[in-house]
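Source file: entry_0.pdb; contents: PDB, N, CA and C atoms.
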```
MODEL        1
ATOM      1  N   MET A 112       3.366  21.584  14.573
ATOM      2  CA  MET A 112       2.493  20.734  13.811
ATOM      3  C   MET A 112       3.267  20.135  12.647
ATOM      4  N   LEU A 113       3.070  18.876  12.425
ATOM      5  CA  LEU A 113       3.756  18.166  11.350
ATOM      6  C   LEU A 113       2.880  18.157  10.112
ATOM      7  N   ARG A 114       3.446  18.564   8.996
ATOM      8  CA  ARG A 114       2.699  18.560   7.734
ATOM      9  C   ARG A 114       3.261  17.464   6.846
ATOM     10  N   ILE A 115       2.374  16.632   6.313
ATOM     11  CA  ILE A 115       2.802  15.581   5.391
ATOM     12  C   ILE A 115       1.978  15.696   4.116
ATOM     13  N   SER A 116       2.539  15.174   3.040
ATOM     14  CA  SER A 116       1.848  15.234   1.756
ATOM     15  C   SER A 116       0.752  14.161   1.697
ATOM     16  N   LYS A 117      -0.114  14.285   0.705
ATOM     17  CA  LYS A 117      -1.169  13.287   0.512
ATOM     18  C   LYS A 117      -0.580  11.914   0.224
ATOM     19  N   MET A 118       0.486  11.882  -0.580
ATOM     20  CA  MET A 118       1.104  10.597  -0.925
ATOM     21  C   MET A 118       1.670   9.923   0.320
ATOM     22  N   THR A 119       2.261  10.690   1.209
ATOM     23  CA  THR A 119       2.780  10.138   2.458
ATOM     24  C   THR A 119       1.642   9.622   3.317
ATOM     25  N   ASP A 120       0.551  10.366   3.361
ATOM     26  CA  ASP A 120      -0.618   9.937   4.112
ATOM     27  C   ASP A 120      -1.161   8.630   3.537
ATOM     28  N   TYR A 121      -1.253   8.536   2.218
ATOM     29  CA  TYR A 121      -1.715   7.310   1.577
ATOM     30  C   TYR A 121      -0.782   6.140   1.893
ATOM     31  N   ALA A 122       0.525   6.392   1.917
ATOM     32  CA  ALA A 122       1.493   5.335   2.229
ATOM     33  C   ALA A 122       1.283   4.814   3.642
ATOM     34  N   VAL A 123       1.034   5.705   4.586
ATOM     35  CA  VAL A 123       0.786   5.295   5.970
ATOM     36  C   VAL A 123      -0.508   4.491   6.057
ATOM     37  N   VAL A 124      -1.539   4.928   5.360
ATOM     38  CA  VAL A 124      -2.825   4.216   5.380
ATOM     39  C   VAL A 124      -2.653   2.810   4.801
ATOM     40  N   LEU A 125      -1.967   2.695   3.681
ATOM     41  CA  LEU A 125      -1.770   1.381   3.049
ATOM     42  C   LEU A 125      -0.920   0.464   3.924
ATOM     43  N   ALA A 126       0.160   0.991   4.496
ATOM     44  CA  ALA A 126       1.024   0.178   5.350
ATOM     45  C   ALA A 126       0.282  -0.271   6.606
ATOM     46  N   THR A 127      -0.530   0.602   7.163
ATOM     47  CA  THR A 127      -1.316   0.249   8.350
ATOM     48  C   THR A 127      -2.330  -0.832   8.020
ATOM     49  N   HIS A 128      -2.957  -0.720   6.861
ATOM     50  CA  HIS A 128      -3.931  -1.734   6.450
ATOM     51  C   HIS A 128      -3.246  -3.089   6.242
ATOM     52  N   LEU A 129      -2.064  -3.081   5.630
ATOM     53  CA  LEU A 129      -1.328  -4.335   5.431
ATOM     54  C   LEU A 129      -0.900  -4.933   6.766
ATOM     55  N   ALA A 130      -0.553  -4.086   7.734
ATOM     56  CA  ALA A 130      -0.120  -4.578   9.042
ATOM     57  C   ALA A 130      -1.276  -5.212   9.810
ATOM     58  N   ALA A 131      -2.493  -4.729   9.574
ATOM     59  CA  ALA A 131      -3.651  -5.233  10.300
ATOM     60  C   ALA A 131      -4.203  -6.533   9.715
ATOM     61  N   SER A 132      -3.729  -6.914   8.538
ATOM     62  CA  SER A 132      -4.257  -8.114   7.895
ATOM     63  C   SER A 132      -3.129  -9.072   7.549
ATOM     64  N   GLU A 133      -3.484 -10.312   7.334
ATOM     65  CA  GLU A 133      -2.512 -11.358   7.015
ATOM     66  C   GLU A 133      -2.368 -11.537   5.511
ATOM     67  N   GLY A 134      -1.204 -11.955   5.064
ATOM     68  CA  GLY A 134      -0.991 -12.325   3.680
ATOM     69  C   GLY A 134      -0.864 -11.154   2.726
ATOM     70  N   ALA A 135      -0.785 -11.500   1.446
ATOM     71  CA  ALA A 135      -0.623 -10.503   0.391
ATOM     72  C   ALA A 135      -1.985 -10.050  -0.117
ATOM     73  N   HIS A 136      -2.049  -8.795  -0.521
ATOM     74  CA  HIS A 136      -3.279  -8.216  -1.045
ATOM     75  C   HIS A 136      -2.976  -7.526  -2.367
ATOM     76  N   ALA A 137      -3.850  -7.678  -3.336
ATOM     77  CA  ALA A 137      -3.699  -7.026  -4.631
ATOM     78  C   ALA A 137      -3.905  -5.522  -4.459
ATOM     79  N   ALA A 138      -3.252  -4.757  -5.321
ATOM     80  CA  ALA A 138      -3.369  -3.301  -5.264
ATOM     81  C   ALA A 138      -4.823  -2.866  -5.439
ATOM     82  N   ARG A 139      -5.544  -3.549  -6.302
ATOM     83  CA  ARG A 139      -6.959  -3.209  -6.530
ATOM     84  C   ARG A 139      -7.782  -3.404  -5.251
ATOM     85  N   ASP A 140      -7.553  -4.515  -4.553
ATOM     86  CA  ASP A 140      -8.286  -4.776  -3.317
ATOM     87  C   ASP A 140      -7.941  -3.755  -2.238
ATOM     88  N   LEU A 141      -6.659  -3.420  -2.133
ATOM     89  CA  LEU A 141      -6.244  -2.419  -1.154
ATOM     90  C   LEU A 141      -6.873  -1.063  -1.455
ATOM     91  N   ALA A 142      -6.943  -0.723  -2.730
ATOM     92  CA  ALA A 142      -7.531   0.561  -3.121
ATOM     93  C   ALA A 142      -9.004   0.614  -2.730
ATOM     94  N   VAL A 143      -9.722  -0.466  -2.949
ATOM     95  CA  VAL A 143     -11.151  -0.498  -2.600
ATOM     96  C   VAL A 143     -11.330  -0.434  -1.088
ATOM     97  N   GLN A 144     -10.543  -1.202  -0.353
ATOM     98  CA  GLN A 144     -10.701  -1.277   1.093
ATOM     99  C   GLN A 144     -10.306   0.012   1.804
ATOM    100  N   THR A 145      -9.330   0.724   1.260
ATOM    101  CA  THR A 145      -8.860   1.964   1.894
ATOM    102  C   THR A 145      -9.463   3.210   1.265
ATOM    103  N   GLN A 146     -10.246   3.038   0.209
ATOM    104  CA  GLN A 146     -10.889   4.148  -0.504
ATOM    105  C   GLN A 146      -9.870   5.138  -1.074
ATOM    106  N   ILE A 147      -8.752   4.608  -1.544
ATOM    107  CA  ILE A 147      -7.733   5.385  -2.243
ATOM    108  C   ILE A 147      -7.884   5.056  -3.723
ATOM    109  N   PRO A 148      -7.815   6.040  -4.617
ATOM    110  CA  PRO A 148      -7.924   5.737  -6.050
ATOM    111  C   PRO A 148      -6.893   4.688  -6.470
ATOM    112  N   GLU A 149      -7.324   3.745  -7.312
ATOM    113  CA  GLU A 149      -6.455   2.618  -7.684
ATOM    114  C   GLU A 149      -5.128   3.033  -8.310
ATOM    115  N   PRO A 150      -5.091   3.994  -9.257
ATOM    116  CA  PRO A 150      -3.790   4.382  -9.810
ATOM    117  C   PRO A 150      -2.846   4.960  -8.752
ATOM    118  N   THR A 151      -3.406   5.693  -7.817
ATOM    119  CA  THR A 151      -2.591   6.275  -6.745
ATOM    120  C   THR A 151      -2.084   5.184  -5.812
ATOM    121  N   ALA A 152      -2.944   4.237  -5.463
ATOM    122  CA  ALA A 152      -2.535   3.135  -4.594
ATOM    123  C   ALA A 152      -1.408   2.324  -5.247
ATOM    124  N   SER A 153      -1.523   2.065  -6.537
ATOM    125  CA  SER A 153      -0.475   1.321  -7.242
ATOM    126  C   SER A 153       0.844   2.076  -7.226
ATOM    127  N   LYS A 154       0.780   3.371  -7.460
ATOM    128  CA  LYS A 154       1.989   4.199  -7.466
ATOM    129  C   LYS A 154       2.662   4.206  -6.092
ATOM    130  N   VAL A 155       1.867   4.360  -5.050
ATOM    131  CA  VAL A 155       2.409   4.388  -3.691
ATOM    132  C   VAL A 155       2.989   3.027  -3.322
ATOM    133  N   LEU A 156       2.303   1.949  -3.681
ATOM    134  CA  LEU A 156       2.808   0.611  -3.365
ATOM    135  C   LEU A 156       4.118   0.318  -4.086
ATOM    136  N   LYS A 157       4.254   0.784  -5.313
ATOM    137  CA  LYS A 157       5.518   0.602  -6.037
ATOM    138  C   LYS A 157       6.647   1.349  -5.348
ATOM    139  N   LYS A 158       6.369   2.564  -4.876
ATOM    140  CA  LYS A 158       7.394   3.333  -4.154
ATOM    141  C   LYS A 158       7.752   2.658  -2.833
ATOM    142  N   LEU A 159       6.756   2.123  -2.142
ATOM    143  CA  LEU A 159       7.024   1.408  -0.892
ATOM    144  C   LEU A 159       7.835   0.142  -1.150
ATOM    145  N   ALA A 160       7.590  -0.514  -2.274
ATOM    146  CA  ALA A 160       8.357  -1.715  -2.627
ATOM    147  C   ALA A 160       9.814  -1.358  -2.917
ATOM    148  N   ARG A 161      10.031  -0.261  -3.638
ATOM    149  CA  ARG A 161      11.406   0.172  -3.918
ATOM    150  C   ARG A 161      12.144   0.547  -2.645
ATOM    151  N   ALA A 162      11.414   1.062  -1.659
ATOM    152  CA  ALA A 162      12.025   1.452  -0.383
ATOM    153  C   ALA A 162      12.210   0.264   0.559
ATOM    154  N   GLY A 163      11.645  -0.893   0.213
ATOM    155  CA  GLY A 163      11.810  -2.089   1.027
ATOM    156  C   GLY A 163      10.797  -2.211   2.160
ATOM    157  N   VAL A 164       9.760  -1.405   2.143
ATOM    158  CA  VAL A 164       8.734  -1.467   3.186
ATOM    159  C   VAL A 164       7.761  -2.610   2.917
ATOM    160  N   VAL A 165       7.396  -2.795   1.662
ATOM    161  CA  VAL A 165       6.514  -3.901   1.277
ATOM    162  C   VAL A 165       7.242  -4.797   0.278
ATOM    163  N   VAL A 166       6.739  -6.013   0.165
ATOM    164  CA  VAL A 166       7.324  -6.987  -0.749
ATOM    165  C   VAL A 166       6.255  -7.381  -1.765
ATOM    166  N   PRO A 167       6.542  -7.201  -3.064
ATOM    167  CA  PRO A 167       5.569  -7.648  -4.063
ATOM    168  C   PRO A 167       5.666  -9.158  -4.252
ATOM    169  N   GLN A 168       4.523  -9.806  -4.398
ATOM    170  CA  GLN A 168       4.484 -11.247  -4.626
ATOM    171  C   GLN A 168       3.725 -11.492  -5.910
ATOM    172  N   ARG A 169       4.316 -12.280  -6.789
ATOM    173  CA  ARG A 169       3.706 -12.553  -8.088
ATOM    174  C   ARG A 169       2.828 -13.784  -8.025
ATOM    175  N   GLY A 170       1.984 -13.910  -9.021
ATOM    176  CA  GLY A 170       1.162 -15.107  -9.146
ATOM    177  C   GLY A 170      -0.302 -14.835  -8.893
ATOM    178  N   ALA A 171      -1.093 -15.910  -8.964
ATOM    179  CA  ALA A 171      -2.535 -15.792  -8.801
ATOM    180  C   ALA A 171      -2.905 -15.294  -7.411
ATOM    181  N   ARG A 172      -2.164 -15.676  -6.405
ATOM    182  CA  ARG A 172      -2.413 -15.231  -5.029
ATOM    183  C   ARG A 172      -1.437 -14.130  -4.627
ATOM    184  N   GLY A 173      -0.916 -13.420  -5.612
ATOM    185  CA  GLY A 173       0.076 -12.398  -5.359
ATOM    186  C   GLY A 173      -0.513 -11.092  -4.877
ATOM    187  N   GLY A 174       0.350 -10.136  -4.749
ATOM    188  CA  GLY A 174      -0.044  -8.822  -4.269
ATOM    189  C   GLY A 174       1.087  -8.208  -3.497
ATOM    190  N   TYR A 175       0.755  -7.456  -2.474
ATOM    191  CA  TYR A 175       1.761  -6.805  -1.642
ATOM    192  C   TYR A 175       1.578  -7.217  -0.201
ATOM    193  N   ALA A 176       2.694  -7.400   0.489
ATOM    194  CA  ALA A 176       2.684  -7.710   1.912
ATOM    195  C   ALA A 176       3.816  -6.914   2.560
ATOM    196  N   LEU A 177       3.724  -6.695   3.849
ATOM    197  CA  LEU A 177       4.787  -5.984   4.546
ATOM    198  C   LEU A 177       6.073  -6.801   4.507
ATOM    199  N   ALA A 178       7.189  -6.126   4.422
ATOM    200  CA  ALA A 178       8.474  -6.810   4.353
ATOM    201  C   ALA A 178       8.826  -7.465   5.690
ATOM    202  N   ARG A 179       8.400  -6.840   6.785
ATOM    203  CA  ARG A 179       8.671  -7.386   8.121
ATOM    204  C   ARG A 179       7.379  -7.432   8.933
ATOM    205  N   PRO A 180       7.305  -8.365   9.868
ATOM    206  CA  PRO A 180       6.087  -8.427  10.708
ATOM    207  C   PRO A 180       5.988  -7.220  11.630
TER     208      PRO A 180
ENDMDL
END
```
Using the file provided, produce a representation of the structure as structure tokens.
Amino acid sequence: MLRISKMTDYAVVLATHLAASEGAHAARDLAVQTQIPEPTASKVLKKLARAGVVVPQRGARGGYALARP
């Protein structure tokens, strides 16, 4: 049996949600849609961005999107 931490589980949930939808999504919107607490979602998304899994986009229509299709 494989054991993963909560943060890893949250990262998989967020990445899966981004893969199922088009475009960039704000951390707040992702937190609401995935029912992950907003501070935790932001922390996980920042770690995913540093790892190159997601790409942060700035601006009014900014947010996070997967780095690759």
For stretch 132-147 of chain A, find every residue with an atom within 7 Å (counting only N, CA and C atoms), except residues of its own chain fewer than 2 positions away, and show them as number ranges by chain. A: 124, 127-130, 149-153, 172-177
Listed atoms of stretch 162-169 of chain A, axis-aligned box, 5 Å per side: centre and edge lengths to one decimal in Å, as JSON?
```
{"center_x": 7.5, "center_y": -6.2, "center_z": -2.5, "size_x": 19.4, "size_y": 25.2, "size_z": 21.3}
```
Which is closer to A:Val165 than all the others in A:Ala131, A:Met118, A:Ala178, A:Ala126, using only C-alpha atoms? A:Ala178
Could you pull out the strand (DSSP E) residues of chain A, going by DSSP on the backbone, and write them as a tab-separated table (two decimals) with N, CA and C atoms, in the frame of the given file?
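Saved file selection_24.tsv follows:
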```tsv
chain	number	residue	atom	x	y	z
A	165	VAL	N	7.40	-2.80	1.66
A	165	VAL	CA	6.51	-3.90	1.28
A	165	VAL	C	7.24	-4.80	0.28
A	166	VAL	N	6.74	-6.01	0.16
A	166	VAL	CA	7.32	-6.99	-0.75
A	166	VAL	C	6.26	-7.38	-1.76
A	167	PRO	N	6.54	-7.20	-3.06
A	167	PRO	CA	5.57	-7.65	-4.06
A	167	PRO	C	5.67	-9.16	-4.25
A	168	GLN	N	4.52	-9.81	-4.40
A	168	GLN	CA	4.48	-11.25	-4.63
A	168	GLN	C	3.72	-11.49	-5.91
A	174	GLY	N	0.35	-10.14	-4.75
A	174	GLY	CA	-0.04	-8.82	-4.27
A	174	GLY	C	1.09	-8.21	-3.50
A	175	TYR	N	0.76	-7.46	-2.47
A	175	TYR	CA	1.76	-6.80	-1.64
A	175	TYR	C	1.58	-7.22	-0.20
A	176	ALA	N	2.69	-7.40	0.49
A	176	ALA	CA	2.68	-7.71	1.91
A	176	ALA	C	3.82	-6.91	2.56
A	177	LEU	N	3.72	-6.70	3.85
A	177	LEU	CA	4.79	-5.98	4.55
A	177	LEU	C	6.07	-6.80	4.51
```
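One distance worth recording is that between atom CA of A:Lys117 and atom C of A:Gly170, which is 29.7 Å.
Reported to one decimal place, the separation of atom CA of A:Val155 from atom CA of A:Pro180 is 19.6 Å.
Proximity ranking of A:Arg114, A:Leu125, A:Thr119, A:Arg179 relative to A:Gly163 places A:Arg179 first, based on only N, CA and C atoms.
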Quick one: stretch 121-174 of chain A with C-alpha atoms, as a PDB file, in the first residue's frame?
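As a result, result37.pdb now contains:
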```pdb
ATOM      1  CA  TYR A 121      -3.868  18.085  -2.360  1.00  0.00           C
ATOM      2  CA  ALA A 122      -1.246  18.566  -5.100  1.00  0.00           C
ATOM      3  CA  VAL A 123      -2.694  15.661  -7.088  1.00  0.00           C
ATOM      4  CA  VAL A 124      -6.240  16.998  -6.656  1.00  0.00           C
ATOM      5  CA  LEU A 125      -5.234  20.500  -7.802  1.00  0.00           C
ATOM      6  CA  ALA A 126      -3.215  19.230 -10.777  1.00  0.00           C
ATOM      7  CA  THR A 127      -6.068  16.944 -11.834  1.00  0.00           C
ATOM      8  CA  HIS A 128      -8.543  19.810 -11.612  1.00  0.00           C
ATOM      9  CA  LEU A 129      -6.272  22.033 -13.728  1.00  0.00           C
ATOM     10  CA  ALA A 130      -5.882  19.238 -16.295  1.00  0.00           C
ATOM     11  CA  ALA A 131      -9.654  18.847 -16.611  1.00  0.00           C
ATOM     12  CA  SER A 132     -10.242  22.536 -17.321  1.00  0.00           C
ATOM     13  CA  GLU A 133      -8.937  25.090 -19.794  1.00  0.00           C
ATOM     14  CA  GLY A 134      -6.958  28.232 -19.032  1.00  0.00           C
ATOM     15  CA  ALA A 135      -5.623  29.722 -15.828  1.00  0.00           C
ATOM     16  CA  HIS A 136      -7.500  29.642 -12.539  1.00  0.00           C
ATOM     17  CA  ALA A 137      -6.972  31.798  -9.453  1.00  0.00           C
ATOM     18  CA  ALA A 138      -5.889  30.030  -6.276  1.00  0.00           C
ATOM     19  CA  ARG A 139      -9.076  31.197  -4.552  1.00  0.00           C
ATOM     20  CA  ASP A 140     -11.276  29.671  -7.266  1.00  0.00           C
ATOM     21  CA  LEU A 141      -9.345  26.405  -7.197  1.00  0.00           C
ATOM     22  CA  ALA A 142      -9.675  26.245  -3.419  1.00  0.00           C
ATOM     23  CA  VAL A 143     -13.452  26.690  -3.605  1.00  0.00           C
ATOM     24  CA  GLN A 144     -13.903  24.198  -6.441  1.00  0.00           C
ATOM     25  CA  THR A 145     -11.736  21.493  -4.853  1.00  0.00           C
ATOM     26  CA  GLN A 146     -12.831  22.202  -1.257  1.00  0.00           C
ATOM     27  CA  ILE A 147      -9.223  22.645  -0.115  1.00  0.00           C
ATOM     28  CA  PRO A 148      -8.573  25.469   2.386  1.00  0.00           C
ATOM     29  CA  GLU A 149      -7.358  28.563   0.513  1.00  0.00           C
ATOM     30  CA  PRO A 150      -4.056  29.026   2.413  1.00  0.00           C
ATOM     31  CA  THR A 151      -3.198  25.375   1.823  1.00  0.00           C
ATOM     32  CA  ALA A 152      -4.119  25.560  -1.867  1.00  0.00           C
ATOM     33  CA  SER A 153      -1.905  28.635  -2.297  1.00  0.00           C
ATOM     34  CA  LYS A 154       1.008  26.926  -0.566  1.00  0.00           C
ATOM     35  CA  VAL A 155       0.679  23.787  -2.687  1.00  0.00           C
ATOM     36  CA  LEU A 156       0.350  25.786  -5.917  1.00  0.00           C
ATOM     37  CA  LYS A 157       3.504  27.752  -5.096  1.00  0.00           C
ATOM     38  CA  LYS A 158       5.398  24.492  -4.534  1.00  0.00           C
ATOM     39  CA  LEU A 159       4.049  23.085  -7.802  1.00  0.00           C
ATOM     40  CA  ALA A 160       5.152  26.270  -9.585  1.00  0.00           C
ATOM     41  CA  ARG A 161       8.677  25.972  -8.167  1.00  0.00           C
ATOM     42  CA  ALA A 162       8.774  22.353  -9.353  1.00  0.00           C
ATOM     43  CA  GLY A 163       7.674  23.384 -12.860  1.00  0.00           C
ATOM     44  CA  VAL A 164       4.376  21.478 -12.815  1.00  0.00           C
ATOM     45  CA  VAL A 165       2.207  24.600 -13.043  1.00  0.00           C
ATOM     46  CA  VAL A 166       2.872  28.025 -14.495  1.00  0.00           C
ATOM     47  CA  PRO A 167       1.741  31.164 -12.659  1.00  0.00           C
ATOM     48  CA  GLN A 168       0.193  33.850 -14.858  1.00  0.00           C
ATOM     49  CA  ARG A 169      -0.077  37.437 -13.693  1.00  0.00           C
ATOM     50  CA  GLY A 170      -2.751  39.975 -14.416  1.00  0.00           C
ATOM     51  CA  ALA A 171      -6.503  40.337 -14.191  1.00  0.00           C
ATOM     52  CA  ARG A 172      -7.056  36.994 -15.944  1.00  0.00           C
ATOM     53  CA  GLY A 173      -4.104  35.394 -14.194  1.00  0.00           C
ATOM     54  CA  GLY A 174      -3.830  32.375 -12.003  1.00  0.00           C
TER      55      GLY A 174
END
```
